[in-house]
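Contents: one structure, followed by commentary.
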Amino acid sequence: LNFVGFSIVSGRISTAQLKRIASLAQRYGDGTLRLSATQNILVLNVPDANVDPLLSAGELAGISVGGSPFQRGTLSCTGREYCKLALTETKHFSIRLAAELEDRLPGFTQAIKLHVAGCPNACGQQWIADVGLQGVLLKSGDTEVEGFDFFVGGGPGQGSGMERRVGFRAPADAVPDLPERLVERYGWPALANIVDINCFKNDPSVKSSLKFLRKTPWARSKVEAFYVTVFSKPVK
(Lines give C-alpha, C1' and ligand atoms only; values in the text may rest on other atoms or scores of the structure.)
Protein backbone atom coordinates (compact mmCIF):
# COMPACT_ATOMS: atom_id res chain seq x y z
CA LEU A 1 0.00 0.00 0.00
CA ASN A 2 1.04 3.60 -0.63
CA PHE A 3 0.29 7.14 0.46
CA VAL A 4 -0.21 10.14 -1.81
CA GLY A 5 0.43 13.69 -0.62
CA PHE A 6 -1.54 16.76 -1.65
CA SER A 7 0.32 20.07 -1.40
CA ILE A 8 -1.83 22.56 0.51
CA VAL A 9 0.15 25.80 0.50
CA SER A 10 0.31 27.15 4.06
CA GLY A 11 -2.57 24.85 5.06
CA ARG A 12 -5.24 27.06 3.48
CA ILE A 13 -7.88 24.92 1.76
CA SER A 14 -11.50 25.45 0.75
CA THR A 15 -14.43 23.25 1.81
CA ALA A 16 -14.91 22.16 -1.82
CA GLN A 17 -11.27 21.10 -2.16
CA LEU A 18 -11.36 19.18 1.11
CA LYS A 19 -14.49 17.33 -0.02
CA ARG A 20 -12.78 16.43 -3.30
CA ILE A 21 -9.77 14.99 -1.47
CA ALA A 22 -12.05 13.00 0.87
CA SER A 23 -13.91 11.62 -2.15
CA LEU A 24 -10.64 10.62 -3.82
CA ALA A 25 -9.49 8.91 -0.60
CA GLN A 26 -12.68 6.84 -0.53
CA ARG A 27 -12.51 5.99 -4.22
CA TYR A 28 -8.81 5.10 -4.52
CA GLY A 29 -7.84 4.23 -0.92
CA ASP A 30 -9.79 3.17 2.15
CA GLY A 31 -10.94 6.69 3.06
CA THR A 32 -8.13 7.39 5.52
CA LEU A 33 -6.61 10.88 5.55
CA ARG A 34 -3.78 12.35 7.61
CA LEU A 35 -2.68 15.94 8.15
CA SER A 36 1.08 16.47 8.12
CA ALA A 37 3.15 18.78 10.32
CA THR A 38 3.85 20.78 7.18
CA GLN A 39 0.12 21.47 6.70
CA ASN A 40 -0.32 19.11 3.75
CA ILE A 41 -2.84 16.25 3.38
CA LEU A 42 -1.98 12.59 2.90
CA VAL A 43 -4.26 9.92 1.41
CA LEU A 44 -3.27 6.59 3.00
CA ASN A 45 -3.58 2.93 2.06
CA VAL A 46 -3.66 3.38 -1.70
CA PRO A 47 -3.10 0.10 -3.64
CA ASP A 48 -0.36 0.10 -6.28
CA ALA A 49 -2.90 -0.10 -9.10
CA ASN A 50 -4.71 3.02 -7.84
CA VAL A 51 -1.73 5.38 -7.50
CA ASP A 52 -1.63 6.66 -11.09
CA PRO A 53 -5.43 7.01 -11.37
CA LEU A 54 -5.44 8.96 -8.08
CA LEU A 55 -2.70 11.28 -9.31
CA SER A 56 -4.59 11.92 -12.55
CA ALA A 57 -7.89 12.46 -10.74
CA GLY A 58 -6.25 14.92 -8.35
CA GLU A 59 -4.87 17.02 -11.20
CA LEU A 60 -8.24 16.99 -12.99
CA ALA A 61 -9.92 18.13 -9.78
CA GLY A 62 -7.54 21.11 -9.56
CA ILE A 63 -5.75 19.86 -6.43
CA SER A 64 -1.96 19.83 -6.54
CA VAL A 65 -0.32 16.44 -6.00
CA GLY A 66 3.35 16.89 -5.19
CA GLY A 67 3.75 20.50 -6.24
CA SER A 68 6.86 22.66 -6.29
CA PRO A 69 9.34 22.74 -3.37
CA PHE A 70 7.83 26.06 -2.35
CA GLN A 71 4.29 24.64 -2.36
CA ARG A 72 5.35 21.63 -0.32
CA GLY A 73 7.65 23.44 2.09
CA THR A 74 5.77 26.64 2.94
CA LEU A 75 3.71 26.74 6.12
CA SER A 76 2.44 29.47 8.42
CA CYS A 77 0.60 30.13 11.64
CA THR A 78 -2.94 31.50 11.50
CA GLY A 79 -1.68 35.08 11.61
CA ARG A 80 -3.40 38.35 12.43
CA GLU A 81 -6.53 37.34 10.54
CA TYR A 82 -7.62 35.12 13.45
CA CYS A 83 -5.01 35.54 16.21
CA LYS A 84 -4.91 38.52 18.57
CA LEU A 85 -1.23 37.90 19.36
CA ALA A 86 0.00 38.08 15.76
CA LEU A 87 1.61 41.28 14.49
CA THR A 88 1.24 40.43 10.80
CA GLU A 89 -1.04 38.62 8.37
CA THR A 90 0.57 35.30 7.37
CA LYS A 91 -1.73 33.01 5.35
CA HIS A 92 -2.36 35.13 2.26
CA PHE A 93 1.19 36.46 2.47
CA SER A 94 2.80 32.99 2.50
CA ILE A 95 0.61 31.77 -0.37
CA ARG A 96 1.63 34.79 -2.47
CA LEU A 97 5.26 34.30 -1.45
CA ALA A 98 5.31 30.65 -2.56
CA ALA A 99 3.70 31.54 -5.91
CA GLU A 100 6.15 34.37 -6.55
CA LEU A 101 9.16 32.23 -5.71
CA GLU A 102 7.89 29.58 -8.14
CA ASP A 103 7.77 32.22 -10.89
CA ARG A 104 11.20 33.62 -10.05
CA LEU A 105 12.96 30.27 -9.53
CA PRO A 106 11.29 27.80 -11.93
CA GLY A 107 14.32 25.49 -11.98
CA PHE A 108 14.66 25.15 -8.20
CA THR A 109 14.08 21.50 -7.23
CA GLN A 110 15.67 20.98 -3.79
CA ALA A 111 13.47 20.56 -0.74
CA ILE A 112 13.23 23.72 1.34
CA LYS A 113 11.33 24.59 4.50
CA LEU A 114 9.97 28.16 4.46
CA HIS A 115 8.03 28.90 7.64
CA VAL A 116 6.12 32.09 8.43
CA ALA A 117 5.07 33.21 11.92
CA GLY A 118 3.13 36.33 12.81
CA CYS A 119 4.87 36.88 16.15
CA PRO A 120 7.68 35.44 18.36
CA ASN A 121 5.46 32.68 19.83
CA ALA A 122 6.59 30.28 17.08
CA CYS A 123 3.28 28.65 16.13
CA GLY A 124 4.64 28.92 12.58
CA GLN A 125 7.71 26.86 13.58
CA GLN A 126 10.07 29.50 12.22
CA TRP A 127 12.86 28.23 14.49
CA ILE A 128 13.17 24.87 12.69
CA ALA A 129 13.05 25.98 9.06
CA ASP A 130 15.68 26.51 6.40
CA VAL A 131 14.32 30.04 6.11
CA GLY A 132 12.08 31.42 8.85
CA LEU A 133 10.13 34.67 8.78
CA GLN A 134 8.88 36.22 12.03
CA GLY A 135 6.36 39.05 11.89
CA VAL A 136 7.37 42.51 13.08
CA LEU A 137 6.10 46.06 12.72
CA LEU A 138 8.48 48.45 10.97
CA LYS A 139 8.57 52.22 10.75
CA SER A 140 7.94 53.64 7.29
CA GLY A 141 7.95 57.40 7.57
CA ASP A 142 5.30 58.31 10.11
CA THR A 143 3.43 55.01 9.90
CA GLU A 144 3.98 51.38 10.86
CA VAL A 145 3.94 48.64 8.22
CA GLU A 146 3.99 44.87 8.46
CA GLY A 147 7.37 43.25 7.98
CA PHE A 148 9.40 40.16 8.78
CA ASP A 149 12.57 39.31 10.66
CA PHE A 150 14.78 36.73 8.87
CA PHE A 151 16.19 33.52 10.34
CA VAL A 152 18.19 30.78 8.61
CA GLY A 153 19.57 27.31 9.26
CA GLY A 154 17.11 25.56 11.57
CA GLY A 155 15.85 22.01 11.34
CA PRO A 156 14.59 18.95 13.27
CA GLY A 157 15.90 15.39 13.30
CA GLN A 158 19.51 14.33 12.83
CA GLY A 159 21.80 17.36 12.94
CA SER A 160 18.95 19.42 14.37
CA GLY A 161 19.44 23.00 15.42
CA MET A 162 17.64 26.25 16.09
CA GLU A 163 17.63 28.96 13.47
CA ARG A 164 19.79 32.01 13.88
CA ARG A 165 18.64 35.58 13.33
CA VAL A 166 20.72 37.14 10.56
CA GLY A 167 20.16 40.76 11.61
CA PHE A 168 17.90 41.56 8.68
CA ARG A 169 14.25 42.52 8.46
CA ALA A 170 12.14 43.87 5.62
CA PRO A 171 8.62 45.10 4.85
CA ALA A 172 6.27 42.32 3.77
CA ASP A 173 6.10 43.63 0.19
CA ALA A 174 9.89 43.29 -0.18
CA VAL A 175 10.18 39.76 1.24
CA PRO A 176 9.90 37.80 -2.07
CA ASP A 177 13.19 39.33 -3.25
CA LEU A 178 15.08 38.06 -0.22
CA PRO A 179 14.55 34.26 -0.26
CA GLU A 180 15.25 34.40 -3.99
CA ARG A 181 18.62 36.02 -3.36
CA LEU A 182 19.31 33.65 -0.46
CA VAL A 183 18.58 30.59 -2.62
CA GLU A 184 20.63 32.02 -5.46
CA ARG A 185 23.53 32.49 -3.05
CA TYR A 186 23.42 28.71 -2.49
CA GLY A 187 24.66 28.37 -6.07
CA TRP A 188 27.52 26.08 -5.16
CA PRO A 189 30.43 27.11 -7.44
CA ALA A 190 30.13 30.82 -6.63
CA LEU A 191 29.49 30.25 -2.96
CA ALA A 192 32.42 27.84 -2.63
CA ASN A 193 34.74 30.46 -4.12
CA ILE A 194 33.61 33.10 -1.64
CA VAL A 195 33.19 30.99 1.51
CA ASP A 196 35.89 28.30 1.70
CA ILE A 197 33.98 25.42 3.32
CA ASN A 198 34.16 21.82 2.09
CA CYS A 199 30.40 21.23 2.32
CA PHE A 200 30.02 23.79 -0.50
CA LYS A 201 32.58 22.00 -2.69
CA ASN A 202 32.16 18.23 -2.32
CA ASP A 203 28.83 16.94 -3.68
CA PRO A 204 26.95 19.91 -2.16
CA SER A 205 23.25 20.10 -1.42
CA VAL A 206 21.10 22.40 0.68
CA LYS A 207 20.23 19.58 3.07
CA SER A 208 23.80 18.38 3.68
CA SER A 209 25.19 21.88 3.98
CA LEU A 210 22.56 23.02 6.46
CA LYS A 211 23.18 19.88 8.50
CA PHE A 212 26.91 20.67 8.58
CA LEU A 213 26.37 24.34 9.42
CA ARG A 214 24.01 23.53 12.32
CA LYS A 215 26.71 21.54 14.10
CA THR A 216 29.74 23.63 13.05
CA PRO A 217 29.61 27.09 14.68
CA TRP A 218 32.70 28.53 12.99
CA ALA A 219 31.41 27.62 9.52
CA ARG A 220 27.92 28.90 10.30
CA SER A 221 29.39 32.21 11.48
CA LYS A 222 31.30 32.61 8.20
CA VAL A 223 28.19 31.99 6.11
CA GLU A 224 26.04 34.31 8.22
CA ALA A 225 28.66 37.07 8.07
CA PHE A 226 28.69 36.77 4.28
CA TYR A 227 24.90 36.91 4.07
CA VAL A 228 24.64 39.95 6.33
CA THR A 229 27.46 41.74 4.47
CA VAL A 230 25.78 41.26 1.10
CA PHE A 231 22.11 41.68 1.95
CA SER A 232 21.71 43.38 5.29
CA LYS A 233 20.24 46.80 5.92
CA PRO A 234 20.06 48.54 9.27
CA VAL A 235 17.32 47.18 11.52
CA LYS A 236 14.97 49.98 12.54
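Labeling convention for the C-alpha coordinates: chains A, B, ... as they appear, residues from 1 per chain, ligands from 1 in order of appearance.
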Q. Which polymer residues have any atom within 8 Å of an atom of Ala170 (chain A), counting only C-alpha atoms, with same-chain residues fewer than 3 positions away left out, as a list in words?
A. Leu138, Gly147, Phe148, Asp149, Ala174 and Val175 of chain A
Q) Excluding same-chain residues fewer than 5 positions from Ala86 (chain A), what lies within 6 Å of it counting only C-alpha atoms, as a VMD selection string? A) chain A and resid 79 to 80 118 to 119
**Q.** Surrounding residues of Ile8 (chain A) excluding itself and chain neighbours under 4 positions, 10 Å, only C-alpha atoms, as a PyMOL selection string
**A.** chain A and resi 12-13+17+38-41+63-67+71-75+95
Q) Can you list every residue in region 30-218 of chain A that DSSP puts in strand (DSSP E), as a VMD selection string? A) chain A and resid 33 to 35 41 to 46 74 to 76 114 to 117 131 to 140 143 to 152 164 to 171
Q: List every residue of region 9-228 of chain A that DSSP, applied to the backbone of this structure, places in helix (DSSP H, G or I), and write the result as number ranges by chain.
A: A: 9-11, 15-28, 48-60, 69-73, 91-104, 126-128, 172-174, 177-184, 188-194, 198-200, 206-215, 217-228
Q | Nearest-residue call for Leu114 (chain A), choices A:His92, A:Glu81, A:Ala49, A:Ser76, using only C-alpha atoms | A |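 Distance minimum relative to Leu114 (chain A) lands on A:Ser76.
Across A:Leu24, A:Ala111, A:Leu137, A:Ala122, the tightest approach to Leu87 (chain A) is made by A:Leu137 when counting only C-alpha atoms.
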